[in-house]
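Trainee: Sending over a structure as structure tokens; questions will come in a sec.
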Protein chains: 2
Amino acid sequence: MTYRLPSLNTLRVFEAAARHLSFKTAASELGVTAGAVSQQVKKLEASLGVDLFRRLPHGLLLTVAGETYLPKITQVFEDLSEATESIAPEINGRKFTIGVCDRALAVLPPNWPLHDDTLKAHVRDSVRTTDVELVRTDAIDCLIRLGGGPYGELALETIPTPSDTRQHTGEHPPELHFICKPGLADCRQSRAIVEDLRGHVVSRS
Amino acid sequence: MTYRLPSLNTLRVFEAAARHLSFKTAASELGVTAGAVSQQVKKLEASLGVDLFRRLPHGLLLTVAGETYLPKITQVFEDLSEATESIAPEINGRKFTIGVCDRALAVLPPNWPLHDDTLKAHVRDSVRTTDVELVRTDAIDCLIRLGGGPYGELALETIPTPSDTRQHTGEHPPELHFICKPGLADCRQSRAIVEDLRGHVVSRS
DNA sequence: TCGGAGACCTAGATATTCTGAGTCTCATCG
DNA sequence: CGATGAGACTCAGAATATCTAGGTCTCCGA
């Protein structure tokens with residue numbers, strides 16, 4: 001079975017970049033640096049042998065090939081996402097119960113996670129806790145802490161806080177940790193929460 | 001935009017393994033070891049939180065989840081492949097002109113590449129040569145050599161020959177090199193040729 | 001003529017993936 | 001029965017791929 005398949009990673013990056021028409025914005029959505037986006041897009045273009053973006057002085061534009069490709073790729077991701085959710089039905093559509101520790105709340109907006117309607121759609125409620133055991137026993141779906149670990153079998157996503165260079169010379173910069181069971185690691189709910197965290201962490205004042 | 005997306009790599013492995021109902025056969029189709037297949041499948045199962053295969057004493061079976069997933073994933077790959085080919089139209093359907101060096105022919109079946117109907121569908125003709133310049137100037141689409149390199153900008157795929165341990169104690173084991181322009185690296189034609197090579201290399205006698 | 005924004009480049013760090021060698025279980029065969 | 005072979009699995013380390021950090025460049029607007 002021979003398919004022409006670019007790497008999924010480069011396609012995800014392309015999709016985000018094309019949607020925003022900005023490598024920088026795409027980078028922040030994906031939680032990587034702009035350089036990484038630039039590299040992945042270049043790699044995709046090289047592997048296809050076709051340019052997907054026109055780099056103009058003002059900003060980006062899609063080429064004809066890019067315009068043609070984008071909707072198809074978006075569709076592929078939607079199909080894939082749907083197929084994947086269809087075989088993990090117990091997760092599908094369920095709202096998450098989130099655990100958050102006090103130190104994490106300190107770097108998040110007031111009354112997080114209810115500050116934002118998009119996020120609220122994925123959240124049943126949230127409890128103040130720092131206890132990883134609650135994740136293991138399914139009492140909560142995920143836990144958000146500032147630093148800590150290791151967490152053994154559990155899946156961990158790391159969200160850097162805006163580095164406050166005045167305060168953190170030499171010590172570890174503080175990071176948010178998103179912890180859940182491996183099977184929940186990349187479901188919609190988790191991704192929505194992590195994306196929201198990335199967009200809203202603030203430096204401690 | 002939040003999707004539930006397992007890594008494409010694990011999905012390709014799953015698709016091949018499910019189609020063959022054998023990790024070993026899948027491994028050889030993909031050109032990797034059986035251990036790698038086992039690991040990727042395990043990783044996919046962990047990330048989904050669902051088993052896809054039932055490991056029986058006799059062999060493999062798909063679980064219900066696996067049965068449900070397989071056709072959808074196959075479809076996704078086909079769509080992706082088609083979308084990708086649609087934006088690189090100059091390649092689409094064209095038959096390749098292949099360059100082969102004598103030393104490579106020595107480890108290939110008699111009258112390769114015309115030994116096999118599947119492969120013939122992708123081949124216009126083949127010429128005896130060892131000159132990488134012909135790839136750069138588009139005189140040929142790809143070149144197959146035994147060893148050599150480096151090839152600069154060109155894309156390289158490596159096909160190990162069955163290791164003949166009696167003869168190669170200490171020296172490099174001979175390898176087939178498939179060389180083409182980056183834009184042709186993962187098109188159907190190239191993949192078909194490489195897959196065929198992997199299946200048919202023999203040890204020099 | 002600055003200064004900021006954003007794309008790009010390169011080197012080195014980090015993470016992922018693959019290999020290679022060894023283990024285990026079961027099925028087949030003498 | 002024990003020997004043999006096939007195939008899945010595991011683990012450490014090697015090979016790749018990917019990301020970061022820091023610097024350059026160009027364009028734009030003040």
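Chain identifiers are assigned as A, B, and so on, following the order in which chains appear in the structure tokens; residues are numbered from 1 within each chain, and ligands are numbered from 1 in order of appearance.
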Could you make a table, as JSON lines, of the residues of chain B that have an atom within 12 Å of an atom of chain C, each with its nearest atom pair and distance in Å to one decimal, counting only C-alpha atoms (C1' of nucleotides), in chain and number order?

Mentor:
{"residue": "B:Ser7", "atom": "CA", "partner": "C:DT16", "partner_atom": "C1'", "distance": 11.3}
{"residue": "B:Asn9", "atom": "CA", "partner": "C:DT17", "partner_atom": "C1'", "distance": 9.7}
{"residue": "B:Thr10", "atom": "CA", "partner": "C:DT17", "partner_atom": "C1'", "distance": 10.6}
{"residue": "B:Ala27", "atom": "CA", "partner": "C:DC18", "partner_atom": "C1'", "distance": 11.5}
{"residue": "B:Gly31", "atom": "CA", "partner": "C:DC18", "partner_atom": "C1'", "distance": 10.7}
{"residue": "B:Val32", "atom": "CA", "partner": "C:DC18", "partner_atom": "C1'", "distance": 7.4}
{"residue": "B:Thr33", "atom": "CA", "partner": "C:DT19", "partner_atom": "C1'", "distance": 7.3}
{"residue": "B:Ala34", "atom": "CA", "partner": "C:DT19", "partner_atom": "C1'", "distance": 10.0}
{"residue": "B:Gly35", "atom": "CA", "partner": "C:DT19", "partner_atom": "C1'", "distance": 8.4}
{"residue": "B:Ala36", "atom": "CA", "partner": "C:DC18", "partner_atom": "C1'", "distance": 6.2}
{"residue": "B:Val37", "atom": "CA", "partner": "C:DC18", "partner_atom": "C1'", "distance": 9.6}
{"residue": "B:Ser38", "atom": "CA", "partner": "C:DC18", "partner_atom": "C1'", "distance": 11.4}
{"residue": "B:Gln39", "atom": "CA", "partner": "C:DT17", "partner_atom": "C1'", "distance": 9.3}
{"residue": "B:Gln40", "atom": "CA", "partner": "C:DT17", "partner_atom": "C1'", "distance": 8.8}
{"residue": "B:Lys43", "atom": "CA", "partner": "C:DT17", "partner_atom": "C1'", "distance": 11.4}
{"residue": "B:Arg55", "atom": "CA", "partner": "C:DT25", "partner_atom": "C1'", "distance": 11.4}
{"residue": "B:Leu56", "atom": "CA", "partner": "C:DC26", "partner_atom": "C1'", "distance": 9.7}
{"residue": "B:Pro57", "atom": "CA", "partner": "C:DC26", "partner_atom": "C1'", "distance": 6.0}
{"residue": "B:His58", "atom": "CA", "partner": "C:DC26", "partner_atom": "C1'", "distance": 7.4}
{"residue": "B:Gly59", "atom": "CA", "partner": "C:DC26", "partner_atom": "C1'", "distance": 10.0}

Trainee: Would you mind exporting the chosen residues as a PDB file, in the first residue's frame, restricted to N, CA and C atoms?

Mentor:
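Final output, again-v2.pdb:
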ATOM      1  N   SER B   7      -0.382  10.543  16.816  1.00  0.00           N
ATOM      2  CA  SER B   7       0.677  10.835  15.860  1.00  0.00           C
ATOM      3  C   SER B   7       0.487  10.014  14.580  1.00  0.00           C
ATOM      4  N   ASN B   9       2.566   8.833  12.592  1.00  0.00           N
ATOM      5  CA  ASN B   9       3.483   7.717  12.534  1.00  0.00           C
ATOM      6  C   ASN B   9       2.864   6.463  13.155  1.00  0.00           C
ATOM      7  N   THR B  10       2.290   6.602  14.333  1.00  0.00           N
ATOM      8  CA  THR B  10       1.681   5.437  14.978  1.00  0.00           C
ATOM      9  C   THR B  10       0.517   4.924  14.144  1.00  0.00           C
ATOM     10  N   ALA B  27       6.217  -4.698   9.616  1.00  0.00           N
ATOM     11  CA  ALA B  27       7.550  -4.132   9.781  1.00  0.00           C
ATOM     12  C   ALA B  27       8.315  -4.180   8.475  1.00  0.00           C
ATOM     13  N   GLY B  31       9.717  -1.138   6.300  1.00  0.00           N
ATOM     14  CA  GLY B  31      11.162  -1.018   6.316  1.00  0.00           C
ATOM     15  C   GLY B  31      11.738  -0.738   7.693  1.00  0.00           C
ATOM     16  N   VAL B  32      11.107  -1.256   8.744  1.00  0.00           N
ATOM     17  CA  VAL B  32      11.646  -1.113  10.096  1.00  0.00           C
ATOM     18  C   VAL B  32      11.637  -2.489  10.758  1.00  0.00           C
ATOM     19  N   THR B  33      12.064  -2.547  11.990  1.00  0.00           N
ATOM     20  CA  THR B  33      12.090  -3.825  12.697  1.00  0.00           C
ATOM     21  C   THR B  33      10.748  -4.075  13.383  1.00  0.00           C
ATOM     22  N   ALA B  34      10.523  -5.330  13.736  1.00  0.00           N
ATOM     23  CA  ALA B  34       9.269  -5.692  14.384  1.00  0.00           C
ATOM     24  C   ALA B  34       9.139  -5.005  15.746  1.00  0.00           C
ATOM     25  N   GLY B  35      10.254  -4.818  16.404  1.00  0.00           N
ATOM     26  CA  GLY B  35      10.222  -4.134  17.697  1.00  0.00           C
ATOM     27  C   GLY B  35       9.665  -2.729  17.578  1.00  0.00           C
ATOM     28  N   ALA B  36      10.056  -2.049  16.530  1.00  0.00           N
ATOM     29  CA  ALA B  36       9.578  -0.686  16.313  1.00  0.00           C
ATOM     30  C   ALA B  36       8.066  -0.673  16.123  1.00  0.00           C
ATOM     31  N   VAL B  37       7.566  -1.637  15.375  1.00  0.00           N
ATOM     32  CA  VAL B  37       6.121  -1.732  15.163  1.00  0.00           C
ATOM     33  C   VAL B  37       5.413  -1.970  16.484  1.00  0.00           C
ATOM     34  N   SER B  38       5.919  -2.906  17.230  1.00  0.00           N
ATOM     35  CA  SER B  38       5.325  -3.204  18.522  1.00  0.00           C
ATOM     36  C   SER B  38       5.254  -1.957  19.399  1.00  0.00           C
ATOM     37  N   GLN B  39       6.336  -1.212  19.425  1.00  0.00           N
ATOM     38  CA  GLN B  39       6.384   0.000  20.251  1.00  0.00           C
ATOM     39  C   GLN B  39       5.390   1.051  19.787  1.00  0.00           C
ATOM     40  N   GLN B  40       5.317   1.252  18.482  1.00  0.00           N
ATOM     41  CA  GLN B  40       4.420   2.284  17.967  1.00  0.00           C
ATOM     42  C   GLN B  40       2.959   1.924  18.221  1.00  0.00           C
ATOM     43  N   LYS B  43       2.202   2.506  21.762  1.00  0.00           N
ATOM     44  CA  LYS B  43       2.097   3.929  22.024  1.00  0.00           C
ATOM     45  C   LYS B  43       0.729   4.458  21.591  1.00  0.00           C
ATOM     46  N   ARG B  55      -3.881  -9.951  21.247  1.00  0.00           N
ATOM     47  CA  ARG B  55      -2.713 -10.802  21.021  1.00  0.00           C
ATOM     48  C   ARG B  55      -3.061 -12.217  21.434  1.00  0.00           C
ATOM     49  N   LEU B  56      -3.317 -13.041  20.456  1.00  0.00           N
ATOM     50  CA  LEU B  56      -3.641 -14.431  20.749  1.00  0.00           C
ATOM     51  C   LEU B  56      -2.397 -15.277  20.582  1.00  0.00           C
ATOM     52  N   PRO B  57      -2.424 -16.464  21.151  1.00  0.00           N
ATOM     53  CA  PRO B  57      -1.315 -17.391  20.963  1.00  0.00           C
ATOM     54  C   PRO B  57      -0.986 -17.596  19.481  1.00  0.00           C
ATOM     55  N   HIS B  58      -2.008 -17.834  18.664  1.00  0.00           N
ATOM     56  CA  HIS B  58      -1.770 -18.101  17.231  1.00  0.00           C
ATOM     57  C   HIS B  58      -1.271 -16.876  16.499  1.00  0.00           C
ATOM     58  N   GLY B  59      -1.872 -15.740  16.770  1.00  0.00           N
ATOM     59  CA  GLY B  59      -1.519 -14.558  16.009  1.00  0.00           C
ATOM     60  C   GLY B  59      -2.331 -13.380  16.497  1.00  0.00           C
TER      61      GLY B  59
END

Trainee: Using only C-alpha atoms and a distance of at most 8 Å, pull out the residues of chain B that contact chain A, as a PyMOL selection string.

Mentor: chain B and resi 2-9+46-50+65+68-69+72-73+76-85+87-88+182-188+191-192

Trainee: For Glu157 in chain A, please output as a PDB file with C-alpha atoms, in the first residue's frame all residues within 7 Å (counting only C-alpha atoms (C1' of nucleotides); exclusion window: fewer than 2 positions along the same chain).

Mentor:
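Once everything was written out, this is selection.pdb:
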ATOM      1  CA  ALA A 155       0.713  11.996  30.987  1.00  0.00           C
ATOM      2  CA  ILE A 159       3.229  25.121  30.045  1.00  0.00           C
ATOM      3  CA  HIS A 177       1.913  21.111  34.750  1.00  0.00           C
ATOM      4  CA  PHE A 178      -1.159  19.587  33.181  1.00  0.00           C
ATOM      5  CA  ILE A 179      -1.500  15.995  34.375  1.00  0.00           C
TER       6      ILE A 179
END

Trainee: Counting only C-alpha atoms (C1' of nucleotides), which residues in chain D sit no more than 10 Å from chain A? For each one, give the nearest pair of atoms and the distance in Å, sorted by chain then residue number, as a Markdown table.

Mentor:
| residue | atom | partner | partner_atom | distance |
| --- | --- | --- | --- | --- |
| D:DT18 | C1' | A:Ala36 | CA | 7.8 |
| D:DC19 | C1' | A:Ala36 | CA | 6.2 |
| D:DT20 | C1' | A:Thr33 | CA | 7.4 |
| D:DA21 | C1' | A:Thr33 | CA | 9.8 |
| D:DT26 | C1' | A:Pro57 | CA | 7.4 |
| D:DC27 | C1' | A:Pro57 | CA | 5.8 |
| D:DC28 | C1' | A:His58 | CA | 8.1 |

Trainee: Those residues you just picked out, can you put them in a file as a compact mmCIF listing (two decimals), in the first residue's frame with C-alpha atoms (C1' of nucleotides)?

Mentor:
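Generated file (result.txt):
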# COMPACT_ATOMS: atom_id res chain seq x y z
C1' DT D 18 12.43 18.45 16.29
C1' DC D 19 12.75 22.45 19.19
C1' DT D 20 15.02 26.36 21.42
C1' DA D 21 17.86 30.37 21.80
C1' DT D 26 13.61 43.50 5.87
C1' DC D 27 9.79 46.24 6.10
C1' DC D 28 6.80 49.45 8.30

Trainee: Just list the residues in range 105-145 of chain B DSSP gives helix (DSSP H, G or I) on the backbone, as a list in words.

Mentor: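 Here are the helix (DSSP H, G or I) residues of range 105-145 of chain B: Leu105, Asp117, Thr118, Leu119, Lys120, Glu133, Leu134, Val135 and Arg136 of chain B.
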
Trainee: Generate the output file for the selected residues, N, CA, C and O atoms, as a compact mmCIF listing (two decimals), in the first residue's frame.

Mentor:
# COMPACT_ATOMS: atom_id res chain seq x y z
N LEU B 105 22.32 -3.77 -9.68
CA LEU B 105 21.62 -4.83 -10.42
C LEU B 105 22.03 -6.21 -9.94
O LEU B 105 21.24 -7.16 -9.96
N ASP B 117 4.65 -6.78 -12.18
CA ASP B 117 3.64 -5.94 -12.83
C ASP B 117 3.30 -4.69 -12.02
O ASP B 117 3.09 -3.62 -12.58
N THR B 118 3.24 -4.84 -10.71
CA THR B 118 2.90 -3.70 -9.87
C THR B 118 3.93 -2.59 -10.07
O THR B 118 3.59 -1.41 -10.23
N LEU B 119 5.17 -2.97 -10.05
CA LEU B 119 6.22 -1.97 -10.20
C LEU B 119 6.23 -1.39 -11.61
O LEU B 119 6.39 -0.19 -11.81
N LYS B 120 6.00 -2.26 -12.59
CA LYS B 120 6.02 -1.81 -13.98
C LYS B 120 5.06 -0.64 -14.20
O LYS B 120 5.32 0.23 -15.05
N GLU B 133 24.44 13.30 -11.41
CA GLU B 133 24.09 14.53 -12.13
C GLU B 133 22.79 14.37 -12.91
O GLU B 133 22.03 15.32 -13.09
N LEU B 134 22.55 13.17 -13.41
CA LEU B 134 21.34 12.93 -14.21
C LEU B 134 20.08 13.17 -13.39
O LEU B 134 19.04 13.54 -13.93
N VAL B 135 20.16 12.95 -12.07
CA VAL B 135 19.01 13.23 -11.21
C VAL B 135 18.84 14.73 -11.09
O VAL B 135 17.74 15.27 -11.21
N ARG B 136 19.93 15.43 -10.88
CA ARG B 136 19.87 16.89 -10.70
C ARG B 136 19.33 17.58 -11.95
O ARG B 136 18.63 18.58 -11.86

Trainee: Can you measure CA of Thr129 in chain A to CA of Leu143 in chain A for me? One decimal in Å is fine.

Mentor: 8.0 Å

Trainee: Per DSSP on the backbone, what are the strand (DSSP E) residues of range 33-141 of chain A, as a ChimeraX atom specification?

Mentor: /A:53-55,60-62,96-100,123-128

Trainee: For the residues selected in the previous step, produce a file with C-alpha atoms as a compact mmCIF listing (two decimals), in the first residue's frame.

Mentor:
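again.txt, written as the output of this step:
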# COMPACT_ATOMS: atom_id res chain seq x y z
CA PHE A 53 3.10 30.41 1.32
CA ARG A 54 4.09 33.59 -0.37
CA ARG A 55 6.28 35.55 2.00
CA LEU A 60 1.96 35.91 4.57
CA LEU A 61 -0.30 34.81 1.79
CA LEU A 62 -1.17 31.34 0.59
CA PHE A 96 -14.00 17.46 32.62
CA THR A 97 -13.63 17.85 36.32
CA ILE A 98 -10.44 19.78 36.86
CA GLY A 99 -8.18 19.90 39.88
CA VAL A 100 -6.11 23.05 40.37
CA VAL A 123 -15.54 21.88 32.05
CA ARG A 124 -17.95 20.36 34.51
CA ASP A 125 -16.38 21.91 37.57
CA SER A 126 -13.07 22.46 39.28
CA VAL A 127 -11.77 21.66 42.71
CA ARG A 128 -8.87 23.01 44.71
